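Here's work_39.pdb, which has PDB, C-alpha atoms:
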```pdb
MODEL        1
ATOM      1  CA  MET A  23       0.000   0.000   0.000
ATOM      2  CA  THR A  24       1.335   3.384  -0.918
ATOM      3  CA  THR A  25       0.903   6.462   1.117
ATOM      4  CA  MET A  26      -0.459   9.369  -0.794
ATOM      5  CA  THR A  27      -0.059  12.910   0.331
ATOM      6  CA  GLU A  28      -2.857  14.783  -1.261
ATOM      7  CA  ALA A  29      -2.905  18.533  -1.342
ATOM      8  CA  THR A  30      -6.138  19.889   0.025
ATOM      9  CA  VAL A  31      -8.338  20.936  -2.841
ATOM     10  CA  THR A  32     -10.497  23.929  -2.136
ATOM     11  CA  THR A  33     -13.483  24.232  -4.391
ATOM     12  CA  GLN A  34     -16.426  26.587  -4.287
ATOM     13  CA  ILE A  35     -19.667  25.548  -5.943
ATOM     14  CA  TYR A  36     -22.488  27.904  -6.874
ATOM     15  CA  GLN A  37     -25.718  26.619  -8.351
ATOM     16  CA  VAL A  38     -28.817  28.424  -9.527
ATOM     17  CA  TYR A  39     -31.995  27.529 -11.418
ATOM     18  CA  ILE A  40     -32.945  30.049 -14.062
ATOM     19  CA  ARG A  41     -36.113  30.225 -16.113
ATOM     20  CA  ALA A  42     -34.250  30.683 -19.394
ATOM     21  CA  THR A  43     -32.894  28.589 -22.255
ATOM     22  CA  PRO A  44     -29.358  27.163 -22.251
ATOM     23  CA  GLN A  45     -28.682  29.462 -25.231
ATOM     24  CA  ALA A  46     -29.672  32.555 -23.253
ATOM     25  CA  ILE A  47     -27.462  31.500 -20.344
ATOM     26  CA  TRP A  48     -24.530  30.643 -22.619
ATOM     27  CA  ASP A  49     -24.795  34.065 -24.253
ATOM     28  CA  ALA A  50     -25.093  35.782 -20.887
ATOM     29  CA  ILE A  51     -21.784  34.198 -19.827
ATOM     30  CA  THR A  52     -19.802  34.626 -23.021
ATOM     31  CA  ALA A  53     -21.102  37.723 -24.834
ATOM     32  CA  PRO A  54     -19.854  41.165 -23.772
ATOM     33  CA  GLU A  55     -23.192  42.849 -24.496
ATOM     34  CA  TRP A  56     -24.704  40.511 -21.870
ATOM     35  CA  THR A  57     -21.937  40.510 -19.269
ATOM     36  CA  GLN A  58     -22.225  44.319 -19.182
ATOM     37  CA  ARG A  59     -25.739  43.995 -17.855
ATOM     38  CA  TYR A  60     -25.259  42.080 -14.592
ATOM     39  CA  GLY A  61     -22.779  41.444 -11.790
ATOM     40  CA  TYR A  62     -19.661  43.569 -12.049
ATOM     41  CA  ARG A  63     -20.741  44.774 -15.523
ATOM     42  CA  SER A  64     -17.344  43.906 -16.936
ATOM     43  CA  PRO A  65     -17.459  43.239 -20.707
ATOM     44  CA  ALA A  66     -16.154  39.696 -21.313
ATOM     45  CA  GLU A  67     -14.004  38.764 -24.287
ATOM     46  CA  TYR A  68     -13.859  35.060 -25.008
ATOM     47  CA  ASP A  69     -11.999  33.367 -27.810
ATOM     48  CA  LEU A  70     -14.162  30.258 -27.562
ATOM     49  CA  ARG A  71     -11.716  27.488 -28.441
ATOM     50  CA  PRO A  72      -9.236  25.527 -26.329
ATOM     51  CA  GLY A  73      -6.206  27.743 -25.780
ATOM     52  CA  GLY A  74      -8.219  30.864 -26.582
ATOM     53  CA  ALA A  75      -7.902  33.972 -24.465
ATOM     54  CA  TYR A  76     -10.408  35.231 -21.930
ATOM     55  CA  ARG A  77     -10.418  38.810 -20.723
ATOM     56  CA  GLY A  78     -12.775  40.737 -18.478
ATOM     57  CA  LEU A  79     -12.465  44.430 -19.298
ATOM     58  CA  ALA A  80     -12.715  47.262 -16.813
ATOM     59  CA  THR A  81     -15.896  49.309 -16.730
ATOM     60  CA  GLU A  82     -15.640  53.110 -16.795
ATOM     61  CA  GLU A  83     -16.363  53.048 -13.075
ATOM     62  CA  MET A  84     -13.499  50.632 -12.398
ATOM     63  CA  LYS A  85     -11.147  52.787 -14.465
ATOM     64  CA  ALA A  86     -12.259  55.847 -12.499
ATOM     65  CA  TYR A  87     -11.065  54.047  -9.361
ATOM     66  CA  GLY A  88      -7.671  53.595 -10.976
ATOM     67  CA  GLY A  89      -8.048  49.933 -11.859
ATOM     68  CA  PRO A  90      -6.288  48.234 -14.761
ATOM     69  CA  ASP A  91      -7.907  48.081 -18.234
ATOM     70  CA  VAL A  92      -8.180  44.303 -17.968
ATOM     71  CA  VAL A  93      -9.545  43.247 -14.580
ATOM     72  CA  VAL A  94      -9.688  39.469 -15.068
ATOM     73  CA  ASP A  95      -7.861  37.223 -17.501
ATOM     74  CA  GLY A  96      -7.527  33.553 -18.276
ATOM     75  CA  GLU A  97      -7.455  30.864 -20.905
ATOM     76  CA  VAL A  98     -10.271  28.832 -22.407
ATOM     77  CA  LEU A  99      -9.666  25.112 -21.797
ATOM     78  CA  GLU A 100     -12.822  23.300 -22.954
ATOM     79  CA  VAL A 101     -15.793  24.478 -24.981
ATOM     80  CA  ASP A 102     -18.995  22.499 -25.344
ATOM     81  CA  PRO A 103     -21.431  25.191 -26.504
ATOM     82  CA  LEU A 104     -24.627  25.490 -24.433
ATOM     83  CA  HIS A 105     -23.369  22.828 -21.996
ATOM     84  CA  ARG A 106     -19.947  23.379 -20.582
ATOM     85  CA  LEU A 107     -17.166  25.925 -20.541
ATOM     86  CA  VAL A 108     -13.908  25.340 -18.697
ATOM     87  CA  GLN A 109     -11.407  28.140 -18.354
ATOM     88  CA  THR A 110      -8.739  29.534 -16.097
ATOM     89  CA  TRP A 111      -9.395  32.715 -14.174
ATOM     90  CA  ARG A 112      -7.228  35.299 -12.457
ATOM     91  CA  ALA A 113      -8.114  38.679 -10.958
ATOM     92  CA  LEU A 114      -5.733  41.473 -11.884
ATOM     93  CA  TRP A 115      -6.558  44.563  -9.848
ATOM     94  CA  ASP A 116      -4.466  43.756  -6.821
ATOM     95  CA  PRO A 117      -0.852  42.452  -6.689
ATOM     96  CA  GLU A 118      -1.820  39.770  -4.152
ATOM     97  CA  LEU A 119      -4.526  38.430  -6.431
ATOM     98  CA  VAL A 120      -2.178  38.497  -9.420
ATOM     99  CA  ALA A 121       0.419  36.610  -7.397
ATOM    100  CA  GLU A 122      -2.070  33.823  -6.612
ATOM    101  CA  GLY A 123      -2.281  33.164 -10.324
ATOM    102  CA  PHE A 124      -4.749  31.284 -12.493
ATOM    103  CA  ARG A 125      -7.368  28.904 -11.146
ATOM    104  CA  ARG A 126      -9.795  26.632 -12.916
ATOM    105  CA  LEU A 127     -13.359  27.815 -13.393
ATOM    106  CA  THR A 128     -16.084  25.565 -14.796
ATOM    107  CA  TRP A 129     -19.509  26.615 -16.055
ATOM    108  CA  GLU A 130     -22.084  23.849 -16.471
ATOM    109  CA  ILE A 131     -25.484  24.376 -18.044
ATOM    110  CA  GLU A 132     -28.122  21.686 -17.732
ATOM    111  CA  GLU A 133     -31.534  21.989 -19.300
ATOM    112  CA  GLY A 134     -34.399  20.840 -17.116
ATOM    113  CA  GLU A 135     -38.133  20.616 -17.403
ATOM    114  CA  GLY A 136     -40.576  23.475 -17.813
ATOM    115  CA  GLY A 137     -38.089  25.911 -19.304
ATOM    116  CA  VAL A 138     -35.843  25.862 -16.271
ATOM    117  CA  THR A 139     -32.096  25.540 -16.672
ATOM    118  CA  LYS A 140     -29.551  24.746 -14.000
ATOM    119  CA  LEU A 141     -26.332  26.711 -13.997
ATOM    120  CA  THR A 142     -23.427  25.513 -11.876
ATOM    121  CA  VAL A 143     -20.228  27.471 -11.385
ATOM    122  CA  THR A 144     -17.337  25.524  -9.880
ATOM    123  CA  HIS A 145     -14.302  27.557  -8.917
ATOM    124  CA  ASP A 146     -11.157  25.745  -7.825
ATOM    125  CA  VAL A 147      -9.459  28.167  -5.460
ATOM    126  CA  THR A 148      -6.886  25.757  -4.077
ATOM    127  CA  GLY A 149      -3.994  27.630  -2.501
ATOM    128  CA  ALA A 150      -5.514  30.987  -3.411
ATOM    129  CA  PRO A 151      -7.037  32.371  -0.203
ATOM    130  CA  ARG A 152      -7.432  35.968  -1.420
ATOM    131  CA  THR A 153      -9.138  34.822  -4.599
ATOM    132  CA  ALA A 154     -11.328  32.504  -2.509
ATOM    133  CA  MET A 155     -12.450  35.396  -0.318
ATOM    134  CA  LEU A 156     -13.065  37.570  -3.324
ATOM    135  CA  VAL A 157     -15.263  35.137  -5.224
ATOM    136  CA  ALA A 158     -17.100  34.116  -2.056
ATOM    137  CA  GLY A 159     -18.069  37.773  -1.580
ATOM    138  CA  GLU A 160     -16.133  38.034   1.683
ATOM    139  CA  ASP A 161     -13.985  40.931   0.522
ATOM    140  CA  PRO A 162     -15.888  44.012   1.726
ATOM    141  CA  ASN A 163     -14.384  46.185  -1.029
ATOM    142  CA  ALA A 164     -15.137  43.891  -3.929
ATOM    143  CA  GLY A 165     -18.862  43.230  -4.104
ATOM    144  CA  GLY A 166     -20.731  40.026  -3.581
ATOM    145  CA  GLY A 167     -18.782  37.426  -5.547
ATOM    146  CA  TRP A 168     -20.383  34.557  -7.464
ATOM    147  CA  SER A 169     -23.559  34.393  -5.315
ATOM    148  CA  TRP A 170     -24.363  37.965  -6.149
ATOM    149  CA  ILE A 171     -23.388  37.642  -9.819
ATOM    150  CA  LEU A 172     -25.633  34.593 -10.277
ATOM    151  CA  SER A 173     -28.516  36.167  -8.378
ATOM    152  CA  ASP A 174     -28.245  39.232 -10.601
ATOM    153  CA  LEU A 175     -27.953  37.090 -13.741
ATOM    154  CA  LYS A 176     -31.089  35.159 -12.775
ATOM    155  CA  THR A 177     -33.010  38.377 -12.197
ATOM    156  CA  LEU A 178     -31.816  39.834 -15.514
ATOM    157  CA  LEU A 179     -32.750  36.771 -17.562
ATOM    158  CA  GLU A 180     -36.104  36.257 -15.851
ATOM    159  CA  THR A 181     -37.275  39.856 -15.658
ATOM    160  CA  GLY A 182     -35.246  41.649 -18.330
ATOM    161  CA  LYS A 183     -33.759  43.894 -15.674
ATOM    162  CA  PRO A 184     -30.850  43.395 -13.279
ATOM    163  CA  LEU A 185     -31.180  43.754  -9.498
ATOM    164  CA  ALA A 186     -29.441  47.058  -9.084
ATOM    165  CA  GLY A 187     -30.756  49.360 -11.664
TER     166      GLY A 187
ATOM    167  CA  MET B   8     -33.218  15.770 -12.169
ATOM    168  CA  LEU B   9     -33.834  19.435 -11.712
ATOM    169  CA  GLY B  10     -35.434  21.004  -8.717
ATOM    170  CA  PRO B  11     -37.849  23.870  -8.378
ATOM    171  CA  VAL B  12     -37.256  27.305  -9.829
ATOM    172  CA  THR B  13     -37.455  29.637  -6.888
ATOM    173  CA  ASP B  14     -38.670  27.480  -4.116
ATOM    174  CA  ASP B  15     -38.147  29.849  -1.247
ATOM    175  CA  ASP B  16     -40.421  27.669   0.880
ATOM    176  CA  ARG B  17     -37.943  24.823   0.746
ATOM    177  CA  VAL B  18     -35.088  27.096   1.685
ATOM    178  CA  PHE B  19     -36.940  28.564   4.648
ATOM    179  CA  LYS B  20     -38.029  25.120   5.769
ATOM    180  CA  ALA B  21     -34.492  23.787   5.431
ATOM    181  CA  LEU B  22     -33.138  26.671   7.478
ATOM    182  CA  ALA B  23     -35.780  26.267  10.163
ATOM    183  CA  ASP B  24     -33.863  23.541  11.932
ATOM    184  CA  PRO B  25     -30.820  23.936  14.207
ATOM    185  CA  THR B  26     -29.123  20.727  13.024
ATOM    186  CA  ARG B  27     -29.350  21.803   9.404
ATOM    187  CA  ARG B  28     -28.042  25.265  10.230
ATOM    188  CA  PHE B  29     -25.201  23.600  12.109
ATOM    189  CA  LEU B  30     -24.379  21.496   9.037
ATOM    190  CA  LEU B  31     -24.348  24.618   6.842
ATOM    191  CA  ASP B  32     -22.089  26.369   9.328
ATOM    192  CA  ARG B  33     -19.676  23.442   9.242
ATOM    193  CA  LEU B  34     -19.610  23.527   5.453
ATOM    194  CA  PHE B  35     -19.125  27.289   5.531
ATOM    195  CA  VAL B  36     -15.971  26.797   7.597
ATOM    196  CA  ARG B  37     -14.730  24.085   5.265
ATOM    197  CA  ASP B  38     -16.456  22.841   2.163
ATOM    198  CA  GLY B  39     -16.341  19.471   0.499
ATOM    199  CA  ARG B  40     -16.948  17.248   3.523
ATOM    200  CA  THR B  41     -18.046  13.631   3.560
ATOM    201  CA  LEU B  42     -21.048  12.308   5.457
ATOM    202  CA  THR B  43     -18.655  10.578   7.856
ATOM    203  CA  GLU B  44     -16.918  13.871   8.679
ATOM    204  CA  LEU B  45     -20.185  15.706   9.212
ATOM    205  CA  GLU B  46     -21.629  12.872  11.265
ATOM    206  CA  SER B  47     -18.632  12.878  13.605
ATOM    207  CA  GLU B  48     -19.575  16.378  14.769
ATOM    208  CA  LEU B  49     -23.157  15.553  15.661
ATOM    209  CA  GLU B  50     -24.799  13.457  18.340
ATOM    210  CA  MET B  51     -26.984  11.781  15.791
ATOM    211  CA  THR B  52     -27.220   8.580  13.797
ATOM    212  CA  ARG B  53     -25.753   8.416  10.314
ATOM    213  CA  PHE B  54     -29.271   7.989   8.975
ATOM    214  CA  GLY B  55     -30.440  11.126  10.783
ATOM    215  CA  VAL B  56     -27.606  13.208   9.323
ATOM    216  CA  MET B  57     -28.346  11.784   5.852
ATOM    217  CA  LYS B  58     -31.961  12.863   6.180
ATOM    218  CA  HIS B  59     -30.972  16.401   7.092
ATOM    219  CA  LEU B  60     -28.487  16.548   4.215
ATOM    220  CA  ARG B  61     -31.211  15.394   1.866
ATOM    221  CA  VAL B  62     -33.466  18.284   2.932
ATOM    222  CA  LEU B  63     -30.576  20.695   2.406
ATOM    223  CA  GLU B  64     -29.871  19.220  -1.046
ATOM    224  CA  ASP B  65     -33.544  19.437  -2.028
ATOM    225  CA  ALA B  66     -33.511  23.110  -1.078
ATOM    226  CA  GLY B  67     -30.382  23.627  -3.167
ATOM    227  CA  LEU B  68     -28.372  24.716  -0.132
ATOM    228  CA  VAL B  69     -26.025  21.752  -0.376
ATOM    229  CA  VAL B  70     -24.578  20.382  -3.605
ATOM    230  CA  ALA B  71     -23.116  16.878  -3.507
ATOM    231  CA  ARG B  72     -20.254  15.869  -5.794
ATOM    232  CA  ARG B  73     -18.714  12.472  -6.296
ATOM    233  CA  SER B  74     -14.978  12.285  -5.859
ATOM    234  CA  GLY B  75     -13.806   8.729  -6.455
ATOM    235  CA  ARG B  76     -15.692   6.599  -3.953
ATOM    236  CA  GLU B  77     -16.627   9.516  -1.787
ATOM    237  CA  LYS B  78     -19.542  11.879  -1.891
ATOM    238  CA  LEU B  79     -18.496  15.385  -0.936
ATOM    239  CA  HIS B  80     -20.908  18.030   0.280
ATOM    240  CA  PHE B  81     -20.576  21.680  -0.665
ATOM    241  CA  LEU B  82     -22.434  24.682   0.651
ATOM    242  CA  ASN B  83     -24.310  26.500  -2.106
ATOM    243  CA  PRO B  84     -24.976  30.012  -0.823
ATOM    244  CA  VAL B  85     -26.923  31.179  -3.892
ATOM    245  CA  PRO B  86     -30.453  30.340  -2.594
ATOM    246  CA  ILE B  87     -29.762  32.414   0.522
ATOM    247  CA  ARG B  88     -28.430  35.210  -1.651
ATOM    248  CA  LEU B  89     -31.620  35.083  -3.731
ATOM    249  CA  ILE B  90     -33.745  35.435  -0.614
ATOM    250  CA  HIS B  91     -31.517  38.251   0.554
ATOM    251  CA  ASP B  92     -31.719  40.086  -2.769
ATOM    252  CA  ARG B  93     -35.441  39.593  -3.255
ATOM    253  CA  TRP B  94     -36.760  39.970   0.275
ATOM    254  CA  ILE B  95     -34.422  41.286   2.858
ATOM    255  CA  ASP B  96     -32.636  43.777   0.666
ATOM    256  CA  LYS B  97     -35.889  45.159  -0.590
ATOM    257  CA  TYR B  98     -37.398  46.034   2.754
ATOM    258  CA  THR B  99     -34.849  46.236   5.439
ATOM    259  CA  GLU B 100     -31.255  46.336   4.346
ATOM    260  CA  ARG B 101     -30.402  49.494   6.200
ATOM    261  CA  GLN B 102     -31.913  48.387   9.484
ATOM    262  CA  VAL B 103     -30.585  44.849   9.195
ATOM    263  CA  SER B 104     -27.034  45.953   8.520
ATOM    264  CA  ALA B 105     -27.201  48.492  11.332
ATOM    265  CA  LEU B 106     -28.334  45.744  13.703
ATOM    266  CA  ALA B 107     -25.748  43.322  12.378
ATOM    267  CA  ASP B 108     -23.050  45.960  12.914
ATOM    268  CA  LEU B 109     -24.292  46.590  16.429
ATOM    269  CA  LYS B 110     -24.306  42.851  17.187
ATOM    270  CA  THR B 111     -20.773  42.448  15.803
ATOM    271  CA  GLU B 112     -19.581  45.398  17.835
ATOM    272  CA  LEU B 113     -21.207  44.208  21.046
ATOM    273  CA  GLU B 114     -19.887  40.699  20.615
ATOM    274  CA  ALA B 115     -16.406  41.957  19.847
ATOM    275  CA  THR B 116     -16.301  43.961  23.046
ATOM    276  CA  ALA B 117     -17.961  41.295  25.192
TER     277      ALA B 117
ENDMDL
END
```

Can the structure in the file be given as structure tokens, please?
Amino acid sequence: MTTMTEATVTTQIYQVYIRATPQAIWDAITAPEWTQRYGYRSPAEYDLRPGGAYRGLATEEMKAYGGPDVVVDGEVLEVDPLHRLVQTWRALWDPELVAEGFRRLTWEIEEGEGGVTKLTVTHDVTGAPRTAMLVAGEDPNAGGGWSWILSDLKTLLETGKPLAG
Amino acid sequence: MLGPVTDDDRVFKALADPTRRFLLDRLFVRDGRTLTELESELEMTRFGVMKHLRVLEDAGLVVARRSGREKLHFLNPVPIRLIHDRWIDKYTERQVSALADLKTELEATA
């Protein structure tokens, strides 16, 4: 019998049911005209193929606070349109966050009955405590993290309007 | 199988039990626990803990993932966030946060 020393994997899982089609949810995740309408309002740029670049651009408000032009970056790892998107993810507006580096982020879309679709966001934040706090919404200066983003996304897709606005 | 759309009733019901709130608190401290780990912290049979976890899963507050032979349990905070954004935020955010601040301050100095 071998002894295995396993590094502790820290994963955060966020799941929400949205009354919308998988197509609408896919677009809301990957299209800049949609990502500007909920959550942090950062326009997303995805090159949707393995190895493609991902960038989350700063909003005018973020720039006014002196943030960088690109606030999040990463690489697309897997693309299964309307079902699954795997990418890496790194926040760029703070040296500590940059230093923690890229972590794996998985979006899963599962169509259910009655026009309801399940969206699951799985963020591997192993060894990245600052990033973990940030995406869990525990950083008082950085909004509500994934819970808030997904709540806002649900409201936008179901009502046509985001929460704050 | 997919669950209900916005079944706030299930969330409130799931939260209306001290054992289930305890389980959520344990998962908040550290996610991805097995039934065996969670059971070891409660004076309750394995079956009893399973039943509570099932209620939490049905409400969407706990998401279970298979990892090899183990089933790991993760806290899903989104349903609570939805209730916060749709109910609490709407009516009482200012008062609630003032009270929460007061409570934090009093407890810190206690």

I'd like the contact shell of Gly159 of chain A - 10 Å cut-off, only C-alpha atoms, skipping same-chain residues fewer than 5 positions apart - returned as a PDB file with C-alpha atoms, in the coordinates of the input.
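Everything below was put into around.pdb:
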```pdb
ATOM      1  CA  THR A 153      -9.138  34.822  -4.599  1.00  0.00           C
ATOM      2  CA  ALA A 154     -11.328  32.504  -2.509  1.00  0.00           C
ATOM      3  CA  ALA A 164     -15.137  43.891  -3.929  1.00  0.00           C
ATOM      4  CA  GLY A 165     -18.862  43.230  -4.104  1.00  0.00           C
ATOM      5  CA  GLY A 166     -20.731  40.026  -3.581  1.00  0.00           C
ATOM      6  CA  GLY A 167     -18.782  37.426  -5.547  1.00  0.00           C
ATOM      7  CA  TRP A 168     -20.383  34.557  -7.464  1.00  0.00           C
ATOM      8  CA  SER A 169     -23.559  34.393  -5.315  1.00  0.00           C
ATOM      9  CA  TRP A 170     -24.363  37.965  -6.149  1.00  0.00           C
ATOM     10  CA  ILE A 171     -23.388  37.642  -9.819  1.00  0.00           C
TER      11      ILE A 171
END
```

| At most 12 Å to chain B: residues in chain A, all atoms listed in the file, as a PyMOL selection string | chain A and resi 30-42+131-148+154+157-160+166-177+180+184-186

Selection in question (the file shown): the PyMOL selection byres ((chain A and resi 67-83) around 7). Which residues does it include, as a PDB file with C-alpha atoms, in the coordinates of the input?
```
ATOM      1  CA  THR A  52     -19.802  34.626 -23.021  1.00  0.00           C
ATOM      2  CA  PRO A  54     -19.854  41.165 -23.772  1.00  0.00           C
ATOM      3  CA  ARG A  63     -20.741  44.774 -15.523  1.00  0.00           C
ATOM      4  CA  SER A  64     -17.344  43.906 -16.936  1.00  0.00           C
ATOM      5  CA  PRO A  65     -17.459  43.239 -20.707  1.00  0.00           C
ATOM      6  CA  ALA A  66     -16.154  39.696 -21.313  1.00  0.00           C
ATOM      7  CA  MET A  84     -13.499  50.632 -12.398  1.00  0.00           C
ATOM      8  CA  LYS A  85     -11.147  52.787 -14.465  1.00  0.00           C
ATOM      9  CA  ALA A  86     -12.259  55.847 -12.499  1.00  0.00           C
ATOM     10  CA  TYR A  87     -11.065  54.047  -9.361  1.00  0.00           C
ATOM     11  CA  PRO A  90      -6.288  48.234 -14.761  1.00  0.00           C
ATOM     12  CA  ASP A  91      -7.907  48.081 -18.234  1.00  0.00           C
ATOM     13  CA  VAL A  92      -8.180  44.303 -17.968  1.00  0.00           C
ATOM     14  CA  VAL A  93      -9.545  43.247 -14.580  1.00  0.00           C
ATOM     15  CA  VAL A  94      -9.688  39.469 -15.068  1.00  0.00           C
ATOM     16  CA  ASP A  95      -7.861  37.223 -17.501  1.00  0.00           C
ATOM     17  CA  GLY A  96      -7.527  33.553 -18.276  1.00  0.00           C
ATOM     18  CA  GLU A  97      -7.455  30.864 -20.905  1.00  0.00           C
ATOM     19  CA  VAL A  98     -10.271  28.832 -22.407  1.00  0.00           C
ATOM     20  CA  LEU A  99      -9.666  25.112 -21.797  1.00  0.00           C
ATOM     21  CA  GLU A 100     -12.822  23.300 -22.954  1.00  0.00           C
ATOM     22  CA  VAL A 101     -15.793  24.478 -24.981  1.00  0.00           C
TER      23      VAL A 101
END
```

| What is the distance between atom CA of Pro44 of chain A and atom CA of Leu104 of chain A, in Å to one decimal? | 5.5 Å

| request: Give me, please, the distance in Å between atom CA of Ala121 of chain A and atom CA of Asn163 of chain A, quoted to one decimal. | output: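 If I compute the distance from atom CA of Ala121 of chain A to atom CA of Asn163 of chain A, I get 18.7 Å.
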
| query | Do you have the atom CA of Arg33 of chain B-atom CA of Ala21 of chain B distance handy? | reply |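 Interatomic distance, atom CA of Arg33 of chain B to atom CA of Ala21 of chain B: 15.3 Å.
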
Residues in the PyMOL selection byres ((chain A and resi 111) around 7), expressed as a PDB file with C-alpha atoms, keeping the file's coordinate frame:
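So result.pdb came out as:
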```pdb
ATOM      1  CA  VAL A  94      -9.688  39.469 -15.068  1.00  0.00           C
ATOM      2  CA  ASP A  95      -7.861  37.223 -17.501  1.00  0.00           C
ATOM      3  CA  GLY A  96      -7.527  33.553 -18.276  1.00  0.00           C
ATOM      4  CA  GLN A 109     -11.407  28.140 -18.354  1.00  0.00           C
ATOM      5  CA  THR A 110      -8.739  29.534 -16.097  1.00  0.00           C
ATOM      6  CA  ARG A 112      -7.228  35.299 -12.457  1.00  0.00           C
ATOM      7  CA  ALA A 113      -8.114  38.679 -10.958  1.00  0.00           C
ATOM      8  CA  PHE A 124      -4.749  31.284 -12.493  1.00  0.00           C
ATOM      9  CA  ARG A 125      -7.368  28.904 -11.146  1.00  0.00           C
ATOM     10  CA  ARG A 126      -9.795  26.632 -12.916  1.00  0.00           C
ATOM     11  CA  LEU A 127     -13.359  27.815 -13.393  1.00  0.00           C
TER      12      LEU A 127
END
```

| request: Identify which of the residues A:Gln45, A:Gln58, A:Pro151, A:Arg106 lies closest to Glu118 of chain A, counting only C-alpha atoms when measuring atom-to-atom distances. | output: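 Counting only C-alpha atoms, the residue closest to Glu118 of chain A is A:Pro151.
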
| message | as an MDAnalysis selection string, please: the residues near segment 27-31 of chain B (cut-off 8 Å, only C-alpha atoms, same-chain neighbours under 4 positions excluded). | response | chainID B and resid 21:23 35 45 59:60 63 69 82

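Among the candidates A:Thr181, A:Leu119, A:Ala150, A:Trp48, the one nearest to His105 of chain A when counting only C-alpha atoms is A:Trp48.
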
Some atoms are missing, so please complete segment 113-124 of chain A with N, CA and C atoms and return it as a compact mmCIF listing (two decimals), keeping the file's coordinate frame.
```txt
# COMPACT_ATOMS: atom_id res chain seq x y z
N ALA A 113 -7.78 37.27 -11.15
CA ALA A 113 -8.11 38.68 -10.96
C ALA A 113 -6.84 39.51 -10.99
N LEU A 114 -6.96 40.71 -11.59
CA LEU A 114 -5.73 41.47 -11.88
C LEU A 114 -5.62 42.83 -11.19
N TRP A 115 -6.61 43.18 -10.34
CA TRP A 115 -6.56 44.56 -9.85
C TRP A 115 -5.80 44.74 -8.54
N ASP A 116 -5.16 43.69 -8.10
CA ASP A 116 -4.47 43.76 -6.82
C ASP A 116 -3.25 42.81 -6.93
N PRO A 117 -2.06 43.26 -6.54
CA PRO A 117 -0.85 42.45 -6.69
C PRO A 117 -0.96 41.08 -6.01
N GLU A 118 -1.67 41.05 -4.86
CA GLU A 118 -1.82 39.77 -4.15
C GLU A 118 -2.63 38.77 -4.97
N LEU A 119 -3.68 39.29 -5.59
CA LEU A 119 -4.53 38.43 -6.43
C LEU A 119 -3.74 37.95 -7.66
N VAL A 120 -2.99 38.86 -8.25
CA VAL A 120 -2.18 38.50 -9.42
C VAL A 120 -1.20 37.40 -9.03
N ALA A 121 -0.59 37.57 -7.85
CA ALA A 121 0.42 36.61 -7.40
C ALA A 121 -0.17 35.22 -7.18
N GLU A 122 -1.47 35.15 -6.83
CA GLU A 122 -2.07 33.82 -6.61
C GLU A 122 -2.24 33.07 -7.92
N GLY A 123 -2.31 33.80 -9.00
CA GLY A 123 -2.28 33.16 -10.32
C GLY A 123 -3.61 32.60 -10.78
N PHE A 124 -3.55 31.79 -11.83
CA PHE A 124 -4.75 31.28 -12.49
C PHE A 124 -5.34 30.09 -11.75
```
